[in-house]
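Student: Before I ask anything, let me first share the structure, which is written out below as structure tokens.
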Amino acid sequence: MSHTGDDDIAANRLRLLQQDFLEPGRPSNGVRVSRSTTPSAPLRLDMVDHIQASVSEIEEHTRAEAPDAGARPAAADRVYEWAYQRTRHLDPQRRLVLETVVYRQSLEHAIAMGDHSVVRRHSCPACGTWGLFWRPGLRKAVCVNHYCTDDQGRPRSWPLAHLAHRHVVAQAARKNLNVNAT
Ligand SMILES: [Zn+2]
């Protein structure tokens, strides 16, 4: 089984979201999450929707690939582990699709927690510059390079799904190189 650790990161972030936003009285293992505002009730409702939508997306994807997958775990943060286990039989290309969804959700969870720095760890797909920044209004990562613009002269911007796909493909290529080298 190709295990990248991205599923563990996604699961940890989902657990933090649940602890911080759905059970605000509970300490979240001493991990501090910086936020500009104190979460209000409507924000927590958004968070319920966010968590449910994330779990449903993984569940639907898994069932489409593995109709006999059985019941998913009751705990939301265990859905990634379940999905990876139930799709072990898939060929690598189709596993990459699942890994891309999981990695994208991991980015989405971080952004939902207020940690926008996760997009900075990706270089711009067009110009290669490091330092993408998150524009909440666009829900896209925008390039810092002033010369990196689209046909209309606007700064280039990228949906998380695009960054996730590049990340997962690059990771798989590195793994294959390592395998070939040994
Ligand atoms: Zn760029």
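Every chain in the structure tokens has a letter given in the order shown (A, B, ...), and although residue numbers restart at 1 in each chain, ligands are simply numbered from 1 in the order shown.
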Which residues are near ligand 1 in this structure, taking near to mean any atom at most 8 Å from a ligand atom and counting only C-alpha atoms and all ligand atoms? Format them as a list in words.
Tutor: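 Sorted by chain and then by number, the residues are Ser123, Cys124, Pro125, Ala126, Cys127, Gly128, Thr129, Leu132, Val142, Cys143, Val144, Asn145, Tyr147, Cys148, Thr149, Pro155 and Arg156 of chain A.
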Student: With C-alpha atoms retained, export the selected residues as a JSON list (two decimals), in the first residue's frame.
Tutor:
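Saved as part_23.json:
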```
[["chain", "number", "residue", "atom", "x", "y", "z"],
["A", 123, "SER", "CA", 5.32, 26.86, -6.01],
["A", 124, "CYS", "CA", 3.28, 28.67, -8.66],
["A", 125, "PRO", "CA", 2.40, 26.13, -11.39],
["A", 126, "ALA", "CA", 2.97, 28.78, -14.08],
["A", 127, "CYS", "CA", 6.18, 30.59, -13.09],
["A", 128, "GLY", "CA", 7.61, 28.39, -10.32],
["A", 129, "THR", "CA", 7.81, 31.28, -7.82],
["A", 132, "LEU", "CA", 1.49, 31.78, -3.20],
["A", 142, "VAL", "CA", -2.67, 33.78, -5.91],
["A", 143, "CYS", "CA", 0.88, 34.18, -7.26],
["A", 144, "VAL", "CA", 3.04, 36.90, -5.65],
["A", 145, "ASN", "CA", 5.04, 37.46, -8.82],
["A", 147, "TYR", "CA", 4.83, 39.51, -13.84],
["A", 148, "CYS", "CA", 2.79, 36.32, -13.54],
["A", 149, "THR", "CA", -0.59, 37.29, -14.97],
["A", 155, "PRO", "CA", -2.51, 37.84, -11.11],
["A", 156, "ARG", "CA", -2.59, 34.10, -11.79]]
```
Student: List the spatial neighbours of A:Ala66 as a list in words - criterion: any atom at most 10 Å away, only C-alpha atoms, same-chain residues fewer than 4 positions off excluded.
Tutor: Glu60, His61, Thr62, Gly70, Ala83, Arg86, Thr87, Arg88, His89 and Leu90 of chain A
Student: So, counting only C-alpha atoms, which residue among A:His109, A:Lys140, A:Arg72, A:His165 is closest to A:His50?
Tutor: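 Looking only at the distances to A:His50, the closest residue turns out to be A:His109.
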Student: Smallest atom-to-atom distance to A:Val118: which of A:Glu81, A:Val55, A:Leu98, A:Leu163, using only C-alpha atoms?
Tutor: A:Leu163
Student: Of the residues A:Leu22, A:Ala11, A:Leu138, A:Leu107, which is the one nearest to A:Asp77, using only C-alpha atoms?
Tutor: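 Checking each candidate against A:Asp77, we get A:Ala11 as the closest.
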Student: Ranking A:Trp158, A:Leu17, A:Asp7, A:Arg174 by minimum distance to A:Asp115 and counting only C-alpha atoms, which one comes first?
Tutor: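 Smallest separation from A:Asp115 among the options: A:Leu17.
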Student: Taking into account only C-alpha atoms, which residue in the set A:Glu65, A:Ser157, A:Ile58, A:Met47 is nearest to A:Arg15?
Tutor: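 Smallest distance to A:Arg15 is found for A:Met47.
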Student: Check stretch 50-182 of chain A with DSSP on the backbone and list each residue it calls helix (DSSP H, G or I), as a VMD selection string.
Tutor: chain A and resid 50 to 65 76 to 86 92 to 112 116 to 121 160 to 181
Student: As an exercise, work out the distance from atom CA of A:Trp134 to atom CA of A:Pro159 in Å and give it to one decimal place.
Tutor: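 One can read the atom CA of A:Trp134 to atom CA of A:Pro159 distance as 9.9 Å.
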Student: Might you pull out every residue within 9 Å of A:His167, with only C-alpha atoms counted and same-chain residues fewer than 4 positions away left off, and present them as a PyMOL selection string?
Tutor: chain A and resi 100+103+122+162-163+171-172
Student: Could you write those residues out with N, CA and C atoms, as a PDB file, in the first residue's frame?
Tutor:
```pdb
ATOM      1  N   THR A 100      -5.292  12.681  -4.200  1.00  0.00           N
ATOM      2  CA  THR A 100      -5.453  14.105  -4.516  1.00  0.00           C
ATOM      3  C   THR A 100      -6.621  14.709  -3.743  1.00  0.00           C
ATOM      4  N   TYR A 103      -5.512  15.001  -0.076  1.00  0.00           N
ATOM      5  CA  TYR A 103      -4.566  16.105   0.136  1.00  0.00           C
ATOM      6  C   TYR A 103      -5.269  17.457   0.009  1.00  0.00           C
ATOM      7  N   HIS A 122       3.656  25.547  -1.767  1.00  0.00           N
ATOM      8  CA  HIS A 122       3.544  25.112  -3.167  1.00  0.00           C
ATOM      9  C   HIS A 122       4.094  26.224  -4.050  1.00  0.00           C
ATOM     10  N   HIS A 162      -6.041  22.042  -7.980  1.00  0.00           N
ATOM     11  CA  HIS A 162      -4.923  22.056  -8.923  1.00  0.00           C
ATOM     12  C   HIS A 162      -3.596  21.869  -8.185  1.00  0.00           C
ATOM     13  N   LEU A 163      -3.430  22.582  -7.065  1.00  0.00           N
ATOM     14  CA  LEU A 163      -2.196  22.446  -6.281  1.00  0.00           C
ATOM     15  C   LEU A 163      -2.076  21.028  -5.728  1.00  0.00           C
ATOM     16  N   GLN A 171       4.898  13.795  -5.849  1.00  0.00           N
ATOM     17  CA  GLN A 171       5.254  12.861  -4.782  1.00  0.00           C
ATOM     18  C   GLN A 171       5.370  11.432  -5.350  1.00  0.00           C
ATOM     19  N   ALA A 172       4.433  11.059  -6.200  1.00  0.00           N
ATOM     20  CA  ALA A 172       4.455   9.722  -6.803  1.00  0.00           C
ATOM     21  C   ALA A 172       5.690   9.563  -7.693  1.00  0.00           C
TER      22      ALA A 172
END
```
